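**Q** Structure: query27.pdb, PDB, C-alpha atoms and all ligand atoms.
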ATOM      1  CA  MET A   1     110.203 117.747  84.500
ATOM      2  CA  LYS A   2     106.381 117.961  84.454
ATOM      3  CA  LEU A   3     103.848 119.087  87.033
ATOM      4  CA  TYR A   4     100.553 117.188  87.175
ATOM      5  CA  ASP A   5      98.126 119.938  88.002
ATOM      6  CA  TYR A   6      94.447 120.961  88.038
ATOM      7  CA  ASN A   7      93.654 124.625  87.537
ATOM      8  CA  GLY A   8      90.702 124.801  89.954
ATOM      9  CA  ALA A   9      92.482 123.062  92.851
ATOM     10  CA  SER A  10      94.247 124.762  95.751
ATOM     11  CA  ASN A  11      97.064 122.298  96.553
ATOM     12  CA  PRO A  12      98.509 122.562  93.036
ATOM     13  CA  ARG A  13      98.033 126.339  93.324
ATOM     14  CA  ARG A  14     100.459 126.356  96.273
ATOM     15  CA  VAL A  15     103.095 124.828  93.972
ATOM     16  CA  ARG A  16     102.185 127.089  91.025
ATOM     17  CA  ILE A  17     102.684 130.176  93.237
ATOM     18  CA  PHE A  18     106.015 128.765  94.469
ATOM     19  CA  ILE A  19     107.129 128.211  90.846
ATOM     20  CA  ALA A  20     106.024 131.734  89.828
ATOM     21  CA  GLU A  21     107.936 133.270  92.770
ATOM     22  CA  LYS A  22     111.042 131.395  91.605
ATOM     23  CA  SER A  23     110.555 132.717  88.043
ATOM     24  CA  ILE A  24     110.977 129.239  86.593
ATOM     25  CA  ASN A  25     108.948 127.433  83.935
ATOM     26  CA  ILE A  26     107.694 123.891  84.367
ATOM     27  CA  GLU A  27     105.414 122.160  81.876
ATOM     28  CA  THR A  28     102.039 121.329  83.412
ATOM     29  CA  ILE A  29      99.625 118.514  82.598
ATOM     30  CA  GLN A  30      96.000 118.862  83.662
ATOM     31  CA  VAL A  31      94.461 115.966  85.606
ATOM     32  CA  ASP A  32      90.705 116.507  85.367
ATOM     33  CA  LEU A  33      89.576 116.000  88.987
ATOM     34  CA  ALA A  34      85.967 116.830  88.041
ATOM     35  CA  SER A  35      85.716 113.746  85.819
ATOM     36  CA  GLY A  36      87.739 111.522  88.211
ATOM     37  CA  GLN A  37      90.913 111.278  86.118
ATOM     38  CA  GLN A  38      92.935 111.092  89.361
ATOM     39  CA  PHE A  39      91.547 107.547  89.837
ATOM     40  CA  SER A  40      92.598 106.279  86.398
ATOM     41  CA  ASP A  41      95.084 103.373  86.346
ATOM     42  CA  GLU A  42      97.443 105.559  84.333
ATOM     43  CA  TYR A  43      97.539 108.334  86.975
ATOM     44  CA  LYS A  44      97.629 105.863  89.893
ATOM     45  CA  LYS A  45     100.970 104.654  88.564
ATOM     46  CA  ILE A  46     102.272 108.234  88.974
ATOM     47  CA  ASN A  47     100.550 108.997  92.285
ATOM     48  CA  PRO A  48      98.891 106.071  94.117
ATOM     49  CA  TYR A  49      97.252 108.594  96.498
ATOM     50  CA  CYS A  50      95.152 109.846  93.519
ATOM     51  CA  VAL A  51      95.830 113.533  94.203
ATOM     52  CA  VAL A  52      97.467 116.483  92.480
ATOM     53  CA  PRO A  53     100.062 117.929  92.412
ATOM     54  CA  THR A  54     102.746 115.457  91.408
ATOM     55  CA  LEU A  55     106.128 116.461  90.052
ATOM     56  CA  LEU A  56     107.434 113.934  87.512
ATOM     57  CA  LEU A  57     111.183 114.108  86.941
ATOM     58  CA  ASP A  58     112.779 113.319  83.586
ATOM     59  CA  ASP A  59     114.035 109.946  84.891
ATOM     60  CA  GLY A  60     110.474 108.938  85.857
ATOM     61  CA  THR A  61     110.758 109.663  89.602
ATOM     62  CA  ALA A  62     107.404 110.923  90.883
ATOM     63  CA  ILE A  63     107.347 113.344  93.829
ATOM     64  CA  GLY A  64     104.083 114.001  95.660
ATOM     65  CA  GLU A  65     103.073 116.182  98.655
ATOM     66  CA  VAL A  66     103.154 119.967  98.283
ATOM     67  CA  PRO A  67     105.830 120.798 100.922
ATOM     68  CA  VAL A  68     108.096 118.043  99.564
ATOM     69  CA  ILE A  69     107.739 119.211  95.944
ATOM     70  CA  CYS A  70     108.525 122.768  97.064
ATOM     71  CA  ARG A  71     111.553 121.649  99.069
ATOM     72  CA  TYR A  72     112.873 119.758  96.025
ATOM     73  CA  LEU A  73     112.387 122.830  93.786
ATOM     74  CA  GLU A  74     114.097 125.048  96.383
ATOM     75  CA  GLU A  75     117.114 122.738  96.351
ATOM     76  CA  ILE A  76     117.498 122.612  92.582
ATOM     77  CA  TYR A  77     116.565 126.304  92.059
ATOM     78  CA  PRO A  78     118.116 128.050  95.091
ATOM     79  CA  ASP A  79     117.664 131.595  93.683
ATOM     80  CA  HIS A  80     114.843 133.611  95.290
ATOM     81  CA  PRO A  81     114.827 131.382  98.417
ATOM     82  CA  LEU A  82     111.364 130.741  99.838
ATOM     83  CA  ILE A  83     112.300 128.272 102.611
ATOM     84  CA  GLY A  84     115.129 130.288 104.159
ATOM     85  CA  SER A  85     118.816 130.907 103.522
ATOM     86  CA  THR A  86     120.339 129.596 106.777
ATOM     87  CA  ALA A  87     119.691 126.461 108.852
ATOM     88  CA  GLU A  88     117.901 128.549 111.487
ATOM     89  CA  GLU A  89     115.772 130.420 108.946
ATOM     90  CA  ARG A  90     114.847 127.146 107.220
ATOM     91  CA  ALA A  91     113.757 125.694 110.578
ATOM     92  CA  ILE A  92     111.642 128.723 111.546
ATOM     93  CA  ILE A  93     109.959 129.030 108.136
ATOM     94  CA  SER A  94     109.273 125.260 107.966
ATOM     95  CA  MET A  95     107.863 125.324 111.508
ATOM     96  CA  TRP A  96     105.362 128.078 110.681
ATOM     97  CA  GLU A  97     104.500 126.623 107.306
ATOM     98  CA  ARG A  98     103.687 123.279 108.965
ATOM     99  CA  ARG A  99     101.596 124.928 111.696
ATOM    100  CA  ILE A 100      99.717 127.011 109.132
ATOM    101  CA  GLU A 101      99.071 123.886 107.059
ATOM    102  CA  LEU A 102      97.913 121.820 110.063
ATOM    103  CA  ASP A 103      95.817 124.508 111.791
ATOM    104  CA  GLY A 104      94.663 126.606 108.844
ATOM    105  CA  TYR A 105      94.760 124.817 105.528
ATOM    106  CA  PHE A 106      93.628 121.419 106.878
ATOM    107  CA  SER A 107      90.804 123.031 108.895
ATOM    108  CA  VAL A 108      89.384 124.571 105.724
ATOM    109  CA  VAL A 109      89.799 121.256 103.890
ATOM    110  CA  ASP A 110      88.064 119.334 106.731
ATOM    111  CA  ALA A 111      85.137 121.764 106.719
ATOM    112  CA  THR A 112      84.831 121.613 102.933
ATOM    113  CA  ARG A 113      85.200 117.880 102.425
ATOM    114  CA  ASN A 114      82.722 117.077 105.203
ATOM    115  CA  SER A 115      80.008 119.427 103.914
ATOM    116  CA  ASN A 116      80.217 119.796 100.116
ATOM    117  CA  SER A 117      77.456 117.697  98.500
ATOM    118  CA  ASN A 118      79.745 116.831  95.553
ATOM    119  CA  LEU A 119      82.120 115.085  97.958
ATOM    120  CA  LYS A 120      79.665 112.631  99.548
ATOM    121  CA  GLY A 121      81.446 109.308 100.123
ATOM    122  CA  HIS A 122      84.742 111.055  99.345
ATOM    123  CA  ALA A 123      85.381 113.029 102.534
ATOM    124  CA  VAL A 124      89.056 112.071 102.491
ATOM    125  CA  THR A 125      91.135 112.255  99.309
ATOM    126  CA  GLY A 126      92.598 109.050  97.949
ATOM    127  CA  PRO A 127      91.515 105.664  96.681
ATOM    128  CA  HIS A 128      89.403 104.734  99.748
ATOM    129  CA  SER A 129      85.816 105.835 100.305
ATOM    130  CA  TYR A 130      84.876 107.716 103.510
ATOM    131  CA  GLU A 131      81.505 109.212 104.408
ATOM    132  CA  GLN A 132      81.197 112.828 105.486
ATOM    133  CA  ILE A 133      80.933 113.605 109.214
ATOM    134  CA  PRO A 134      78.943 116.863 109.686
ATOM    135  CA  ALA A 135      80.522 117.448 113.141
ATOM    136  CA  LEU A 136      83.945 117.571 111.483
ATOM    137  CA  ALA A 137      82.664 120.258 109.100
ATOM    138  CA  GLU A 138      81.499 122.335 112.080
ATOM    139  CA  ARG A 139      84.787 121.837 113.917
ATOM    140  CA  GLY A 140      86.709 122.702 110.730
ATOM    141  CA  LYS A 141      84.825 126.011 110.474
ATOM    142  CA  LYS A 142      85.532 126.852 114.131
ATOM    143  CA  ARG A 143      89.198 126.010 113.687
ATOM    144  CA  THR A 144      89.314 128.208 110.567
ATOM    145  CA  PHE A 145      88.157 131.207 112.625
ATOM    146  CA  SER A 146      90.771 130.371 115.312
ATOM    147  CA  PHE A 147      93.391 130.173 112.565
ATOM    148  CA  PHE A 148      92.470 133.688 111.353
ATOM    149  CA  GLU A 149      92.920 135.029 114.902
ATOM    150  CA  ASP A 150      96.220 133.214 115.474
ATOM    151  CA  LEU A 151      97.549 134.397 112.112
ATOM    152  CA  ASN A 152      96.585 137.971 112.999
ATOM    153  CA  SER A 153      98.617 137.691 116.250
ATOM    154  CA  LEU A 154     101.558 136.291 114.314
ATOM    155  CA  LEU A 155     101.396 139.164 111.833
ATOM    156  CA  GLU A 156     101.488 141.646 114.685
ATOM    157  CA  LYS A 157     104.989 140.332 115.478
ATOM    158  CA  HIS A 158     106.445 140.281 111.955
ATOM    159  CA  SER A 159     105.433 141.627 108.560
ATOM    160  CA  TYR A 160     105.078 138.163 106.968
ATOM    161  CA  ALA A 161     103.767 134.860 108.325
ATOM    162  CA  ALA A 162     107.089 133.315 109.401
ATOM    163  CA  CYS A 163     109.553 136.231 109.504
ATOM    164  CA  ASP A 164     110.160 139.666 107.992
ATOM    165  CA  HIS A 165     110.161 138.533 104.383
ATOM    166  CA  PHE A 166     107.898 136.541 102.057
ATOM    167  CA  SER A 167     108.213 132.736 102.326
ATOM    168  CA  ILE A 168     106.404 129.453 101.672
ATOM    169  CA  ALA A 169     104.498 130.039 104.947
ATOM    170  CA  ASP A 170     102.770 133.036 103.314
ATOM    171  CA  ILE A 171     101.833 130.927 100.294
ATOM    172  CA  THR A 172     100.129 128.276 102.454
ATOM    173  CA  ALA A 173      98.362 130.938 104.545
ATOM    174  CA  VAL A 174      97.029 132.949 101.614
ATOM    175  CA  VAL A 175      95.830 129.827  99.772
ATOM    176  CA  ALA A 176      94.031 128.666 102.956
ATOM    177  CA  ILE A 177      92.266 132.037 103.248
ATOM    178  CA  ASP A 178      91.305 132.060  99.555
ATOM    179  CA  LEU A 179      90.005 128.482  99.850
ATOM    180  CA  ALA A 180      87.895 129.375 102.922
ATOM    181  CA  LYS A 181      86.327 132.212 100.943
ATOM    182  CA  LYS A 182      85.748 130.121  97.800
ATOM    183  CA  ARG A 183      84.448 126.911  99.397
ATOM    184  CA  LEU A 184      82.985 128.008 102.762
ATOM    185  CA  ASP A 185      82.145 131.667 102.172
ATOM    186  CA  ILE A 186      84.162 132.460 105.318
ATOM    187  CA  THR A 187      86.390 135.547 105.472
ATOM    188  CA  PRO A 188      88.531 136.990 108.285
ATOM    189  CA  ASP A 189      86.792 139.580 110.487
ATOM    190  CA  SER A 190      87.649 143.195 109.574
ATOM    191  CA  ALA A 191      88.923 143.715 113.172
ATOM    192  CA  LEU A 192      91.916 141.481 112.331
ATOM    193  CA  THR A 193      93.869 144.460 111.004
ATOM    194  CA  HIS A 194      97.345 142.860 110.900
ATOM    195  CA  LEU A 195      95.990 139.969 108.843
ATOM    196  CA  HIS A 196      94.249 142.346 106.406
ATOM    197  CA  ARG A 197      97.364 144.529 105.999
ATOM    198  CA  TRP A 198      99.415 141.419 105.152
ATOM    199  CA  TYR A 199      96.704 139.826 102.961
ATOM    200  CA  LYS A 200      96.412 142.947 100.804
ATOM    201  CA  ALA A 201     100.201 143.073 100.292
ATOM    202  CA  VAL A 202     100.694 139.375  99.487
ATOM    203  CA  SER A 203      97.601 139.130  97.282
ATOM    204  CA  ALA A 204      99.015 141.899  95.074
ATOM    205  CA  ARG A 205     102.083 139.806  94.186
ATOM    206  CA  PRO A 206     101.945 138.679  90.518
ATOM    207  CA  SER A 207     102.550 135.041  91.579
ATOM    208  CA  MET A 208      99.146 134.955  93.300
ATOM    209  CA  LYS A 209      97.404 134.849  89.929
ATOM    210  CA  ALA A 210      98.817 131.342  89.469
TER     211      ALA A 210
HETATM  212  N1  LIG B 301      98.691 115.834 100.885
HETATM  213  C1  LIG B 301      98.537 116.142  99.475
HETATM  214  C2  LIG B 301      97.132 116.651  99.240
HETATM  215  C3  LIG B 301      96.811 116.893  97.777
HETATM  216  C4  LIG B 301      95.313 117.060  97.547
HETATM  217  O1  LIG B 301      94.489 116.845  98.446
HETATM  218  N2  LIG B 301      94.964 117.493  96.328
HETATM  219  C5  LIG B 301      93.563 117.628  95.958
HETATM  220  C6  LIG B 301      93.370 118.887  95.118
HETATM  221  S1  LIG B 301      93.499 120.354  96.092
HETATM  222  C7  LIG B 301      93.171 116.444  95.100
HETATM  223  O2  LIG B 301      93.942 116.007  94.281
HETATM  224  N3  LIG B 301      91.942 115.940  95.251
HETATM  225  C8  LIG B 301      91.479 114.822  94.491
HETATM  226  C9  LIG B 301      90.141 114.357  94.950
HETATM  227  O3  LIG B 301      89.427 115.081  95.648
HETATM  228  O4  LIG B 301      89.799 113.222  94.583
HETATM  229  C10 LIG B 301      99.605 117.140  99.028
HETATM  230  O5  LIG B 301     100.165 117.860  99.882
HETATM  231  O6  LIG B 301      99.950 117.195  97.838
END
Show me the file's structure as structure tokens.
Ligand SMILES: N[C@@H](CCC(=O)N[C@@H](CS)C(=O)NCC(=O)O)C(=O)O
**A**
Amino acid sequence: MKLYDYNGASNPRRVRIFIAEKSINIETIQVDLASGQQFSDEYKKINPYCVVPTLLLDDGTAIGEVPVICRYLEEIYPDHPLIGSTAEERAIISMWERRIELDGYFSVVDATRNSNSNLKGHAVTGPHSYEQIPALAERGKKRTFSFFEDLNSLLEKHSYAACDHFSIADITAVVAIDLAKKRLDITPDSALTHLHRWYKAVSARPSMKA
């Protein structure tokens, strides 16, 4: 099994953190996004969406999409569960992870891809070309601030994003916050005390260095 990866990119980081939390080792292969290696014919055969990560199984099966890769790894490495141990827990954690991805992670991505000058003509990942829409960057920033507030309210109810223990929902949330800081120079307001308490605790986990 091999993970097609790129060290500077946040979606593969979500999978790298997941792998580190599971204490498993998976060989990684760098796809140099900066030089456009994701668009090479060779990589397109592995992932026609021209994105990383992709998990390539020993029989040649290629699995894309972060939550799907993580779900596959959870099934084959059930120790240290990160998507829940019961049907109900799996549903609750998956629900929050999806909401955090849709409202938080994708808002940061929208704001970044529609404003970064290196991404002109490439506002949406993949083989097709799309121009940037500045209004989407503005909306993405606004939605990022709303996400910080909503996450703070969530963390008032339980110690971690989805429940009272660490899960994949925390991984998506922390990577969204780190991406907002790195790409947009946006950080959560210091008044969001529940978010900051949680962020400090999860950021100290060794897996976060991945
Ligand atoms: N929906 C995909 C998104 C993956 C994605 O957008 N990856 C980015 C890196 S963070 C990428 O490969 N970008 C290539 C590009 O910008 O051309 C997933 O969940 O895996």
**Q** Quick one: distance from atom CA of A:Phe145 to atom CA of A:Pro188 in Å, one decimal?
**A**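 Computing it gives 7.2 Å between the two atoms.
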**Q** So the first atom is atom N3 of ligand LIG 301 (chain B) and the second is atom CA of A:Tyr77; what is the distance between them in Å, to one decimal place?
**A**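 These atoms are spaced 26.9 Å apart.
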**Q** So, counting all atoms listed in the file, which residue among A:Ile24, A:Val174, A:Leu102, A:Val124 is closest to ligand LIG 301 (chain B)?
**A**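 Among the listed residues, A:Val124 lies closest to ligand LIG 301 (chain B).
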**Q** Choose the residue, out of A:Leu155, A:Ala162, A:Leu56, A:Val68, that has the smallest atom-to-atom separation from ligand LIG 301 (chain B); count all atoms listed in the file.
**A** A:Val68
**Q** Which one of A:Lys2, A:Leu192, A:Ser10, A:Pro48 sits closest to A:Asn25 if you count all atoms listed in the file?
**A**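 Among A:Lys2, A:Leu192, A:Ser10, A:Pro48, it is A:Lys2 that comes nearest to A:Asn25.
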**Q** What residues of the protein or nucleic acid chains come within 6 Å of ligand LIG 301 (chain B) when you use all atoms listed in the file? Reply as a list of chain:residue names.
**A** A:Ala9, A:Ser10, A:Asn11, A:Leu33, A:Val51, A:Val52, A:Pro53, A:Gly64, A:Glu65, A:Val66, A:Thr125
**Q** Pick the closest to A:Asp79 from A:Ser203, A:Gly121, A:Ser40, A:Ser23: which is it, counting only C-alpha atoms?
**A**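 Closest to A:Asp79, using only C-alpha atoms: A:Ser23.
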**Q** I'd like the neighbourhood of A:Arg14 as a list in words, where a residue qualifies if any of its atoms comes within 7 Å (using only C-alpha atoms), though same-chain residues fewer than 4 positions away should be ignored.
**A**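 Result of the neighbour search: Ser10, Phe18, Ile171, Thr172 and Val175 of chain A.
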**Q** Between A:Thr193, A:Ala62, A:Leu57, A:Asp5, which one has atoms that come closest to A:Gln38, using all atoms listed in the file?
**A** A:Asp5
**Q** Can you tell me how far atom CA of A:Pro81 sits from atom CA of A:Phe166, in Å to one decimal?
**A**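 Here the two named atoms are 9.4 Å from each other.
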**Q** With the file shown as input, list the residues that the PyMOL selection byres (((chain A and resi 138) around 12) and not hetatm) selects, as a list in words.
**A**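 Residues picked by the PyMOL selection byres (((chain A and resi 138) around 12) and not hetatm): Ser107, Val108, Val109, Asp110, Ala111, Thr112, Arg113, Asn114, Ser115, Gln132, Ile133, Pro134, Ala135, Leu136, Ala137, Arg139, Gly140, Lys141, Lys142, Arg143, Thr144, Phe145 and Leu184 of chain A.
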**Q** Using the chain letters and numbers from the file, give me the residues hit by the PyMOL selection byres (((chain A and resi 82-95) around 8) and not hetatm), as a PyMOL selection string.
**A** chain A and resi 18+71+74+80-81+96-99+162-163+166-169
**Q** Might you spell out which residues the PyMOL selection byres (((chain A and resi 34) around 12) and not hetatm) would select in the displayed file, as JSON, numbers by chain?
**A** {"A": [6, 7, 8, 9, 30, 31, 32, 33, 35, 36, 37, 38, 39, 118, 119]}
**Q** If we count only C-alpha atoms and set the cut-off at 12 Å, which residues sit around A:Ser190, ignoring sequence neighbours fewer than 3 positions away in its own chain? Please answer as a PDB file with C-alpha atoms, in the coordinates of the input.
**A**
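After the write, around36.pdb holds the following:
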ATOM      1  CA  PHE A 148      92.470 133.688 111.353  1.00  0.00           C
ATOM      2  CA  GLU A 149      92.920 135.029 114.902  1.00  0.00           C
ATOM      3  CA  ASN A 152      96.585 137.971 112.999  1.00  0.00           C
ATOM      4  CA  THR A 187      86.390 135.547 105.472  1.00  0.00           C
ATOM      5  CA  THR A 193      93.869 144.460 111.004  1.00  0.00           C
ATOM      6  CA  HIS A 194      97.345 142.860 110.900  1.00  0.00           C
ATOM      7  CA  LEU A 195      95.990 139.969 108.843  1.00  0.00           C
ATOM      8  CA  HIS A 196      94.249 142.346 106.406  1.00  0.00           C
ATOM      9  CA  ARG A 197      97.364 144.529 105.999  1.00  0.00           C
ATOM     10  CA  TYR A 199      96.704 139.826 102.961  1.00  0.00           C
TER      11      TYR A 199
END
**Q** In terms of the shortest atom-to-atom distance over only C-alpha atoms, which of A:Glu131, A:Asp150, A:Asp170, A:Asp103 is closest to A:Ser117?
**A** A:Glu131
